[in-house]
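Below: entry.tsv (TSV, C-alpha atoms)
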```
chain	number	residue	atom	x	y	z
A	1	MET	CA	0.00	0.00	0.00
A	2	SER	CA	1.49	3.38	-1.04
A	3	LYS	CA	2.11	6.06	1.54
A	4	PRO	CA	-0.17	9.12	1.47
A	5	PHE	CA	1.11	12.50	0.37
A	6	ALA	CA	0.30	14.05	3.76
A	7	SER	CA	-0.50	13.08	7.33
A	8	PHE	CA	-2.67	15.44	9.37
A	9	CYS	CA	-1.33	15.03	12.92
A	10	PHE	CA	-3.69	16.07	15.72
A	11	SER	CA	-3.39	16.43	19.45
A	12	THR	CA	-6.67	16.83	21.33
A	13	PHE	CA	-7.89	17.10	24.90
A	14	LYS	CA	-11.57	17.27	25.90
A	15	ARG	CA	-12.76	19.37	22.96
A	16	PRO	CA	-14.75	16.86	20.87
A	17	ASP	CA	-16.98	19.47	19.20
A	18	PHE	CA	-14.04	21.54	17.96
A	19	LEU	CA	-12.27	18.33	16.92
A	20	ARG	CA	-15.28	17.09	14.95
A	21	ASP	CA	-15.54	20.34	12.97
A	22	THR	CA	-11.83	20.36	12.15
A	23	LEU	CA	-11.89	16.71	11.09
A	24	HIS	CA	-14.70	17.54	8.68
A	25	SER	CA	-12.59	20.35	7.23
A	26	VAL	CA	-9.89	17.77	6.48
A	27	LEU	CA	-12.41	15.31	5.02
A	28	ASN	CA	-13.56	18.03	2.59
A	29	GLN	CA	-10.12	18.53	1.03
A	30	THR	CA	-10.09	18.71	-2.76
A	31	LEU	CA	-6.90	16.62	-2.70
A	32	GLN	CA	-7.77	13.37	-0.97
A	33	ASP	CA	-4.31	11.77	-0.72
A	34	PHE	CA	-3.96	11.96	3.06
A	35	GLU	CA	-4.32	10.19	6.38
A	36	VAL	CA	-5.39	11.59	9.75
A	37	ILE	CA	-3.75	10.68	13.05
A	38	VAL	CA	-5.46	11.81	16.26
A	39	SER	CA	-3.62	11.42	19.57
A	40	ASP	CA	-5.94	11.99	22.53
A	41	ASN	CA	-4.61	13.22	25.88
A	42	ASP	CA	-7.98	12.59	27.55
A	43	THR	CA	-7.94	9.30	29.48
A	44	GLU	CA	-11.73	9.21	29.10
A	45	GLU	CA	-11.20	9.20	25.30
A	46	SER	CA	-13.61	12.03	24.58
A	47	GLY	CA	-12.19	12.36	21.07
A	48	ARG	CA	-12.83	8.76	20.02
A	49	ALA	CA	-16.44	9.22	18.92
A	50	ALA	CA	-15.55	12.25	16.78
A	51	VAL	CA	-12.87	10.29	14.91
A	52	GLU	CA	-14.78	7.04	14.55
A	53	GLY	CA	-17.85	9.03	13.47
A	54	MET	CA	-15.98	10.02	10.31
A	55	ASN	CA	-16.45	6.39	9.17
A	56	ASP	CA	-13.28	6.58	7.08
A	57	PRO	CA	-10.32	4.19	7.50
A	58	ARG	CA	-7.88	7.06	6.82
A	59	PHE	CA	-8.93	8.63	10.15
A	60	ARG	CA	-7.11	6.81	12.95
A	61	TYR	CA	-7.65	7.36	16.66
A	62	PHE	CA	-5.11	6.71	19.42
A	63	SER	CA	-5.53	7.19	23.14
A	64	ASN	CA	-2.29	8.30	24.80
A	65	GLY	CA	-3.39	6.64	28.05
A	66	ALA	CA	-2.40	9.77	29.99
A	67	ASN	CA	-2.22	13.52	29.50
A	68	LEU	CA	1.22	13.83	27.92
A	69	GLY	CA	0.92	17.54	27.24
A	70	MET	CA	0.46	19.17	23.85
A	71	LYS	CA	3.97	18.79	22.44
A	72	LYS	CA	4.53	15.15	23.42
A	73	SER	CA	1.08	14.29	22.08
A	74	PHE	CA	1.87	15.92	18.73
A	75	ASN	CA	5.09	13.93	18.58
A	76	LYS	CA	3.10	10.75	19.25
A	77	SER	CA	1.04	11.57	16.17
A	78	LEU	CA	4.25	12.10	14.21
A	79	GLU	CA	5.51	8.66	15.30
A	80	ARG	CA	2.26	7.11	14.07
A	81	ALA	CA	2.23	8.96	10.72
A	82	THR	CA	3.37	7.56	7.38
A	83	GLY	CA	2.84	10.49	4.96
A	84	GLU	CA	5.61	12.09	2.94
A	85	TYR	CA	4.58	15.47	4.39
A	86	ILE	CA	3.23	16.34	7.82
A	87	VAL	CA	0.56	18.86	8.86
A	88	MET	CA	0.53	19.58	12.60
A	89	ILE	CA	-2.99	20.75	13.27
A	90	ALA	CA	-4.77	21.88	16.43
A	91	ASP	CA	-8.24	20.51	17.06
A	92	ASP	CA	-9.82	23.99	16.85
A	93	ASP	CA	-8.08	25.30	13.70
A	94	PRO	CA	-9.95	24.09	10.61
A	95	VAL	CA	-8.39	24.18	7.15
A	96	TYR	CA	-10.07	25.34	3.96
A	97	PRO	CA	-11.02	22.81	1.26
A	98	ASP	CA	-8.16	23.72	-1.11
A	99	MET	CA	-5.46	23.79	1.62
A	100	LEU	CA	-3.70	20.54	0.73
A	101	LYS	CA	-4.04	20.97	-3.04
A	102	THR	CA	-2.57	24.48	-2.79
A	103	LEU	CA	0.49	23.24	-0.91
A	104	PHE	CA	0.85	20.17	-3.14
A	105	ASP	CA	0.96	22.43	-6.20
A	106	LEU	CA	3.45	24.74	-4.44
A	107	GLN	CA	5.71	21.78	-3.72
A	108	GLN	CA	5.49	20.64	-7.34
A	109	GLU	CA	6.41	24.12	-8.58
A	110	PHE	CA	9.29	24.58	-6.09
A	111	PRO	CA	10.74	21.13	-5.37
A	112	GLY	CA	13.53	20.51	-2.90
A	113	TYR	CA	12.47	22.70	0.04
A	114	GLY	CA	11.58	21.33	3.47
A	115	VAL	CA	8.66	23.63	4.30
A	116	TYR	CA	5.70	24.91	2.26
A	117	MET	CA	3.42	27.48	3.87
A	118	GLY	CA	0.21	29.31	3.11
A	119	GLY	CA	-1.45	32.22	4.85
A	120	CYS	CA	-4.30	32.07	7.33
A	121	ASP	CA	-7.19	33.95	8.90
A	122	TRP	CA	-8.18	34.60	12.47
A	123	TYR	CA	-11.79	33.59	13.14
A	124	CYS	CA	-13.28	35.26	16.24
A	125	LEU	CA	-16.29	33.50	17.75
A	126	HIS	CA	-17.09	35.98	20.53
A	127	HIS	CA	-17.38	39.76	20.33
A	128	GLU	CA	-15.65	40.21	23.70
A	129	VAL	CA	-12.57	38.33	22.49
A	130	ALA	CA	-12.66	40.13	19.13
A	131	GLY	CA	-12.66	43.48	20.92
A	132	LEU	CA	-9.62	42.56	22.98
A	133	TYR	CA	-7.71	41.64	19.81
A	134	ASN	CA	-8.94	44.79	18.02
A	135	MET	CA	-10.64	42.56	15.45
A	136	LYS	CA	-14.14	41.99	14.16
A	137	VAL	CA	-16.37	38.99	14.89
A	138	GLY	CA	-15.90	36.41	12.15
A	139	THR	CA	-13.04	36.27	9.64
A	140	ASN	CA	-10.00	38.55	9.89
A	141	SER	CA	-7.32	38.18	7.22
A	142	CYS	CA	-3.68	37.57	8.16
A	143	LEU	CA	-2.35	37.84	4.62
A	144	SER	CA	0.47	40.11	3.57
A	145	GLY	CA	-0.80	43.57	2.71
A	146	VAL	CA	2.08	44.36	0.38
A	147	HIS	CA	1.64	41.46	-2.07
A	148	ASP	CA	-1.25	40.27	-4.21
A	149	VAL	CA	-3.22	37.16	-3.31
A	150	GLY	CA	-1.40	34.19	-4.83
A	151	TYR	CA	2.06	35.78	-4.60
A	152	LYS	CA	4.74	33.09	-4.16
A	153	LYS	CA	8.31	33.26	-2.93
A	154	ALA	CA	11.04	30.74	-2.10
A	155	TYR	CA	13.26	31.62	0.88
A	156	GLY	CA	16.63	30.32	1.89
A	157	SER	CA	16.96	29.31	5.53
A	158	LYS	CA	18.47	32.48	6.99
A	159	GLU	CA	16.33	34.79	4.88
A	160	PHE	CA	13.16	33.02	6.00
A	161	ILE	CA	14.05	33.12	9.70
A	162	LYS	CA	14.83	36.85	9.60
A	163	HIS	CA	11.57	37.58	7.78
A	164	LEU	CA	9.58	35.29	10.08
A	165	PHE	CA	10.68	37.08	13.25
A	166	ASN	CA	10.25	40.54	11.72
A	167	PHE	CA	6.73	39.87	10.36
A	168	GLY	CA	8.13	40.35	6.88
A	169	ILE	CA	5.99	37.61	5.32
A	170	PHE	CA	2.65	37.50	7.15
A	171	PRO	CA	1.41	39.37	10.25
A	172	HIS	CA	0.58	35.97	11.75
A	173	TYR	CA	1.53	32.35	11.03
A	174	LEU	CA	-0.27	29.07	11.60
A	175	TRP	CA	1.39	25.68	11.52
A	176	SER	CA	-1.76	23.96	10.30
A	177	THR	CA	-1.43	25.86	7.00
A	178	THR	CA	2.05	24.40	6.56
A	179	ILE	CA	3.39	21.09	5.25
A	180	ILE	CA	6.84	19.86	6.24
A	181	ARG	CA	8.71	16.90	4.83
A	182	ARG	CA	8.45	14.10	7.36
A	183	SER	CA	12.16	13.29	6.98
A	184	VAL	CA	13.06	16.89	7.89
A	185	LEU	CA	10.80	16.84	10.94
A	186	ILE	CA	12.37	13.66	12.22
A	187	GLU	CA	15.94	14.80	11.51
A	188	MET	CA	15.33	18.08	13.36
A	189	GLY	CA	13.87	16.37	16.44
A	190	GLY	CA	10.12	16.56	15.91
A	191	VAL	CA	7.80	19.15	17.41
A	192	PRO	CA	9.95	21.46	19.59
A	193	GLU	CA	9.86	20.89	23.34
A	194	TYR	CA	11.38	23.48	25.69
A	195	GLY	CA	9.10	23.55	28.73
A	196	THR	CA	6.01	25.36	27.38
A	197	PRO	CA	3.72	25.30	24.33
A	198	PHE	CA	4.00	29.09	24.01
A	199	LEU	CA	5.50	30.12	20.64
A	200	GLY	CA	5.62	26.46	19.64
A	201	ASP	CA	4.46	27.28	16.12
A	202	TYR	CA	7.28	29.82	15.63
A	203	ALA	CA	9.85	27.37	16.99
A	204	TYR	CA	8.47	24.67	14.72
A	205	MET	CA	8.56	26.79	11.56
A	206	SER	CA	11.95	28.41	12.15
A	207	VAL	CA	13.76	25.21	13.18
A	208	MET	CA	12.34	23.19	10.29
A	209	ALA	CA	13.02	25.96	7.76
A	210	SER	CA	16.63	26.16	8.98
A	211	HIS	CA	17.10	22.72	7.38
A	212	SER	CA	16.29	23.48	3.75
A	213	GLY	CA	14.32	26.71	3.46
A	214	CYS	CA	10.64	27.49	2.93
A	215	VAL	CA	8.28	28.43	0.10
A	216	ILE	CA	5.23	30.60	0.85
A	217	ILE	CA	2.05	31.54	-0.98
A	218	ASN	CA	0.03	34.62	-0.01
A	219	LYS	CA	-3.31	32.83	0.16
A	220	SER	CA	-5.51	31.97	3.14
A	221	ILE	CA	-5.85	28.20	3.40
A	222	GLY	CA	-7.00	27.79	7.02
A	223	CYS	CA	-7.89	29.69	10.14
A	224	GLN	CA	-7.09	29.93	13.82
A	225	THR	CA	-10.23	30.00	15.94
A	226	LEU	CA	-10.21	32.58	18.73
A	227	HIS	CA	-12.58	31.71	21.55
A	228	ASN	CA	-12.83	31.58	25.34
A	229	GLU	CA	-10.94	28.30	25.66
A	230	ASN	CA	-7.74	29.14	23.76
A	231	PHE	CA	-4.49	28.08	25.41
A	232	GLY	CA	-2.62	30.90	27.12
A	233	ARG	CA	-5.30	32.59	29.23
A	234	LYS	CA	-4.32	30.86	32.48
A	235	GLN	CA	-0.72	29.68	32.02
A	236	ASN	CA	1.00	32.83	33.28
A	237	GLU	CA	3.77	30.93	35.04
A	238	GLN	CA	4.94	29.79	31.59
A	239	ILE	CA	5.44	33.27	30.10
A	240	ALA	CA	8.88	33.82	31.67
A	241	VAL	CA	9.75	30.20	30.86
A	242	THR	CA	9.20	31.17	27.22
A	243	GLY	CA	11.51	34.15	27.63
A	244	ARG	CA	14.27	31.99	29.01
A	245	GLN	CA	13.86	28.81	26.99
A	246	PHE	CA	12.55	29.78	23.56
A	247	PRO	CA	15.64	31.69	22.32
A	248	ALA	CA	17.98	29.12	23.91
A	249	TYR	CA	16.16	26.25	22.19
A	250	LEU	CA	16.32	27.97	18.81
A	251	GLU	CA	20.03	28.61	19.23
A	252	SER	CA	20.65	24.94	20.01
A	253	LYS	CA	18.84	23.88	16.83
A	254	ILE	CA	19.69	26.66	14.39
A	255	ALA	CA	23.32	27.48	15.30
A	256	PRO	CA	24.71	24.18	13.89
A	257	ARG	CA	23.24	25.10	10.49
A	258	LEU	CA	23.29	28.90	10.29
A	259	PRO	CA	25.31	31.78	11.76
A	260	TRP	CA	23.28	32.40	14.94
A	261	ASP	CA	24.70	35.91	15.40
A	262	GLU	CA	22.95	36.98	12.19
A	263	VAL	CA	19.46	36.06	13.45
A	264	LYS	CA	19.90	36.29	17.24
A	265	ASP	CA	18.79	39.91	17.62
A	266	ASP	CA	15.65	39.25	15.56
A	267	VAL	CA	14.72	36.28	17.75
A	268	TYR	CA	15.26	38.14	21.04
A	269	ARG	CA	13.36	41.23	19.90
A	270	PHE	CA	10.45	39.09	18.70
A	271	THR	CA	10.33	37.13	21.98
A	272	ALA	CA	10.35	40.29	24.09
A	273	LEU	CA	7.60	41.92	22.04
A	274	TRP	CA	5.49	38.75	22.16
A	275	MET	CA	5.69	38.61	25.97
A	276	VAL	CA	4.81	42.30	26.27
A	277	GLU	CA	1.89	41.88	23.86
A	278	HIS	CA	0.58	38.75	25.58
A	279	MET	CA	0.78	40.18	29.11
A	280	ALA	CA	-0.95	43.39	28.00
A	281	PHE	CA	-3.70	41.31	26.40
A	282	LEU	CA	-4.13	39.31	29.61
A	283	HIS	CA	-4.28	42.50	31.68
A	284	HIS	CA	-7.25	43.82	29.67
A	285	TYR	CA	-8.83	40.36	29.40
A	286	TYR	CA	-8.81	39.92	33.17
A	287	ILE	CA	-10.26	43.41	33.77
A	288	LYS	CA	-13.06	42.82	31.29
A	289	SER	CA	-13.76	39.36	32.73
A	290	GLY	CA	-13.66	40.53	36.35
A	291	ILE	CA	-10.74	38.24	37.15
A	292	GLU	CA	-8.14	39.05	39.80
A	293	ASP	CA	-5.02	37.05	39.00
A	294	LYS	CA	-1.88	37.62	41.04
A	295	SER	CA	0.03	35.24	38.77
A	296	LEU	CA	0.11	37.92	36.05
A	297	ARG	CA	1.88	40.35	38.38
A	298	ASP	CA	4.31	37.58	39.29
A	299	ALA	CA	4.89	36.93	35.57
A	300	GLU	CA	5.57	40.62	34.96
A	301	LYS	CA	8.33	40.62	37.60
A	302	GLU	CA	9.97	37.53	36.12
A	303	VAL	CA	9.74	38.77	32.55
A	304	PHE	CA	11.22	42.20	33.24
A	305	ALA	CA	14.04	40.61	35.22
A	306	LEU	CA	15.33	39.34	31.86
A	307	ASP	CA	17.95	41.78	30.61
A	308	TYR	CA	16.83	41.78	27.00
A	309	VAL	CA	13.23	42.64	27.92
A	310	LYS	CA	13.89	45.64	30.20
A	311	ARG	CA	14.02	48.12	27.31
A	312	TYR	CA	10.35	47.33	26.53
A	313	ARG	CA	8.99	48.22	29.98
A	314	PHE	CA	7.62	51.60	28.83
A	315	LYS	CA	5.97	49.99	25.80
A	316	TYR	CA	4.26	47.57	28.16
A	317	PHE	CA	3.14	50.44	30.41
A	318	LEU	CA	1.54	52.19	27.41
A	319	LYS	CA	-0.18	49.03	26.18
A	320	LYS	CA	-1.63	48.47	29.66
A	321	LYS	CA	-2.60	52.00	30.64
A	322	SER	CA	-3.05	53.87	27.35
A	323	PRO	CA	-3.59	51.38	24.51
A	324	GLY	CA	-5.11	54.12	22.32
A	325	ILE	CA	-1.94	56.21	22.56
A	326	HIS	CA	0.16	53.13	21.87
A	327	ARG	CA	-1.86	52.32	18.73
A	328	PHE	CA	-1.44	55.92	17.53
A	329	LEU	CA	2.32	55.80	18.04
A	330	VAL	CA	2.53	52.48	16.17
A	331	TRP	CA	0.50	53.98	13.31
A	332	LEU	CA	2.76	57.03	13.26
A	333	LYS	CA	5.86	54.83	13.15
A	334	LYS	CA	4.44	52.92	10.19
A	335	GLN	CA	3.84	56.15	8.30
A	336	PHE	CA	7.47	57.10	8.67
A	337	LYS	CA	8.75	53.63	7.81
A	338	GLY	CA	6.24	52.93	5.07
A	339	LYS	CA	6.16	49.26	5.99
A	340	ASP	CA	3.22	46.95	6.45
A	341	LYS	CA	4.25	45.22	9.67
A	342	PRO	CA	3.51	45.51	13.39
A	343	ALA	CA	5.83	47.57	15.57
```
Step by step, read the file and then write its structure as structure tokens.
Amino acid sequence: MSKPFASFCFSTFKRPDFLRDTLHSVLNQTLQDFEVIVSDNDTEESGRAAVEGMNDPRFRYFSNGANLGMKKSFNKSLERATGEYIVMIADDDPVYPDMLKTLFDLQQEFPGYGVYMGGCDWYCLHHEVAGLYNMKVGTNSCLSGVHDVGYKKAYGSKEFIKHLFNFGIFPHYLWSTTIIRRSVLIEMGGVPEYGTPFLGDYAYMSVMASHSGCVIINKSIGCQTLHNENFGRKQNEQIAVTGRQFPAYLESKIAPRLPWDEVKDDVYRFTALWMVEHMAFLHHYYIKSGIEDKSLRDAEKEVFALDYVKRYRFKYFLKKKSPGIHRFLVWLKKQFKGKDKPA
């Protein structure tokens, strides 16, 4: 029996309704040369019915027997996969019907790269969450605003990493709109593990692209669902862990292949800005939700104890206390730079 072109590798935990919808989005692909591997962290196997309900032998369910955590569960799916290419896909991030065909065609046009990536949308389910992200309810595009839809570009490893961490390709990235050669994923150690799932998609994309580059297409082929159960709202003790471990992990993986000094500053700046952005979001989220959470104040102290983050303390103050002024200053900076990317 021939191996499928792609394996959709899931990790799930007690979200059968989201899982069911995302599985249907895979079933509806215009290119049907795939398999689906679902690794369930729920010992009660809440995901089993959703997978078996697909009534398709390509959809395979596995109980992990324990809650292994997101990263280890994804790597279990990788171990169980047989496809030439891998799609790591969260149970709440459906893909569009032409996702796989688009990336298959991209790989045919630009052979020899390790990573092929399309754009994505954010899909906000709740108006409260949309307001906190300064988005609208429903679909919000994350495509490049400086290229036409369908624009394609092949990047070498270093060029891709620098653009990734400077938002020079898309304003947001999603690993479920990406295929990666299975051999590359295995050689580079699988889904990155460094003590937290935070920024796992950026670690995944940058480490894998450091192997043999990446080709992108400016076309939305899936979406990230924003809702009240997204990871990251209650894991404040992991924010500083990200600040300490994320850059160190990337250095350990990228430095043997590329000159780390040429991308290091981009990685550290990106990590600092992400932590500032995420903590500011949580601050406003907790106020709006009526939540008092001391762990956020503890996280702030740990984060700003990191030397490379201290320079962003005033930016954080503005984002917390005067977000309107901060947005105006960002807009003003863009006018002077003439670039379509977040500050």
Separation of atom CA of Ala6 of chain A from atom CA of Ala66 of chain A in Å: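 The value is 26.7 Å.
The coordinates place atom CA of Leu31 of chain A at 18.5 Å from atom CA of Arg182 of chain A.
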Counting only C-alpha atoms, the option among A:Ser289, A:Asn28, A:Ser206, A:Asn67 closest to Glu44 of chain A: A:Asn67
Give me, as a Markdown table, each residue of segment 100-216 of chain A that comes within 8 Å of segment 239-251 of chain A, together with its shortest interatomic pair and the distance in Å at one decimal, counting only C-alpha atoms, with rows ordered by chain and rising residue number.
```
| residue | atom | partner | partner_atom | distance |
| --- | --- | --- | --- | --- |
| A:Tyr194 | CA | A:Gln245 | CA | 6.0 |
| A:Gly195 | CA | A:Val241 | CA | 7.0 |
| A:Thr196 | CA | A:Thr242 | CA | 6.6 |
| A:Phe198 | CA | A:Thr242 | CA | 6.5 |
| A:Leu199 | CA | A:Thr242 | CA | 7.6 |
| A:Ala203 | CA | A:Leu250 | CA | 6.7 |
| A:Ser206 | CA | A:Leu250 | CA | 8.0 |
| A:Val207 | CA | A:Leu250 | CA | 6.8 |
```
Taking a cut-off of 7 Å and counting only C-alpha atoms, can you build a table that, for each residue of segment 56-145 of chain A near segment 8-16 of chain A, reports the nearest atom pair and how far apart they are in Å (one decimal), sorted by chain then residue number, as CSV?
```
residue,atom,partner,partner_atom,distance
A:Met70,CA,A:Ser11,CA,6.5
A:Ser73,CA,A:Ser11,CA,5.6
A:Phe74,CA,A:Ser11,CA,5.3
A:Ser77,CA,A:Cys9,CA,5.3
A:Leu78,CA,A:Cys9,CA,6.4
A:Ile86,CA,A:Phe8,CA,6.2
A:Val87,CA,A:Phe8,CA,4.7
A:Met88,CA,A:Cys9,CA,4.9
A:Ile89,CA,A:Phe10,CA,5.3
A:Ala90,CA,A:Phe10,CA,6.0
A:Asp91,CA,A:Thr12,CA,5.9
```
Among listed residues A:Tyr123, A:Ile180, A:Leu27, A:Glu35, nearest Arg80 of chain A (using all atoms listed in the file):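 Closest to Arg80 of chain A, using all atoms listed in the file: A:Glu35.
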Best match for closeness to Arg257 of chain A among A:Lys301, A:Lys158, A:Arg269, A:Lys136, counting all atoms listed in the file: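 Of A:Lys301, A:Lys158, A:Arg269, A:Lys136, the one nearest Arg257 of chain A, counting all atoms listed in the file, is A:Lys158.
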Distance of atom CA of His127 of chain A from atom CA of Pro197 of chain A, expressed in Å to one decimal place: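 Taking atom CA of Pro197 of chain A and atom CA of His127 of chain A, their separation equals 25.9 Å.
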Residues within 7 Å of segment 310-320 of chain A, only C-alpha atoms, excluding chain neighbours under 5 positions, as a PyMOL selection string: chain A and resi 276+280+283+304+326
Nearest-residue call for Glu277 of chain A, choices A:Gly150, A:Asp293, A:Lys264, A:Leu132, using only C-alpha atoms: A:Leu132
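Among the candidate residues A:Val146, A:Val115, A:Met188, A:Val129, the one lying nearest to Pro256 of chain A is A:Met188, with distances computed using only C-alpha atoms.
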Taking all atoms of segment 124-143 of chain A that appear in the file, build a box with edges along x, y and z, extend it by 4 Å on every side, and state its centre and edge lengths in Å to one decimal, as JSON.
```
{"center_x": -9.9, "center_y": 39.1, "center_z": 14.2, "size_x": 23.0, "size_y": 19.3, "size_z": 27.1}
```
Enumerate, in order of chain and increasing residue number, the residues of segment 289-327 of chain A with an atom no farther than 10 Å from segment 233-236 of chain A, each with its shortest atom pair and distance in Å to one decimal, counting all atoms listed in the file, as JSON lines.
```
{"residue": "A:Asp293", "atom": "CA", "partner": "A:Lys234", "partner_atom": "CA", "distance": 9.0}
{"residue": "A:Lys294", "atom": "CA", "partner": "A:Asn236", "partner_atom": "CA", "distance": 9.6}
{"residue": "A:Ser295", "atom": "CA", "partner": "A:Asn236", "partner_atom": "CA", "distance": 6.1}
{"residue": "A:Leu296", "atom": "CA", "partner": "A:Asn236", "partner_atom": "CA", "distance": 5.9}
{"residue": "A:Arg297", "atom": "CA", "partner": "A:Asn236", "partner_atom": "CA", "distance": 9.1}
{"residue": "A:Asp298", "atom": "CA", "partner": "A:Asn236", "partner_atom": "CA", "distance": 8.3}
{"residue": "A:Ala299", "atom": "CA", "partner": "A:Asn236", "partner_atom": "CA", "distance": 6.1}
{"residue": "A:Glu300", "atom": "CA", "partner": "A:Asn236", "partner_atom": "CA", "distance": 9.2}
```
Nearest residue to Asp148 of chain A from the set A:Gln107, A:Gln224, A:Asn218, A:Asn134 (distances using all atoms listed in the file):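 Nearest to Asp148 of chain A: A:Asn218.
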Long-range neighbours of Asp33 of chain A as an MDAnalysis selection string, 10 Å cut-off, all atoms listed in the file, 6 positions minimum in chain: chainID A and resid 3:7 58 83 100:101
Neighbour residues at most 7 Å from (6.6, 13.9, 0.0) (all atoms listed in the file) as an MDAnalysis selection string: chainID A and resid 5 84:85 181
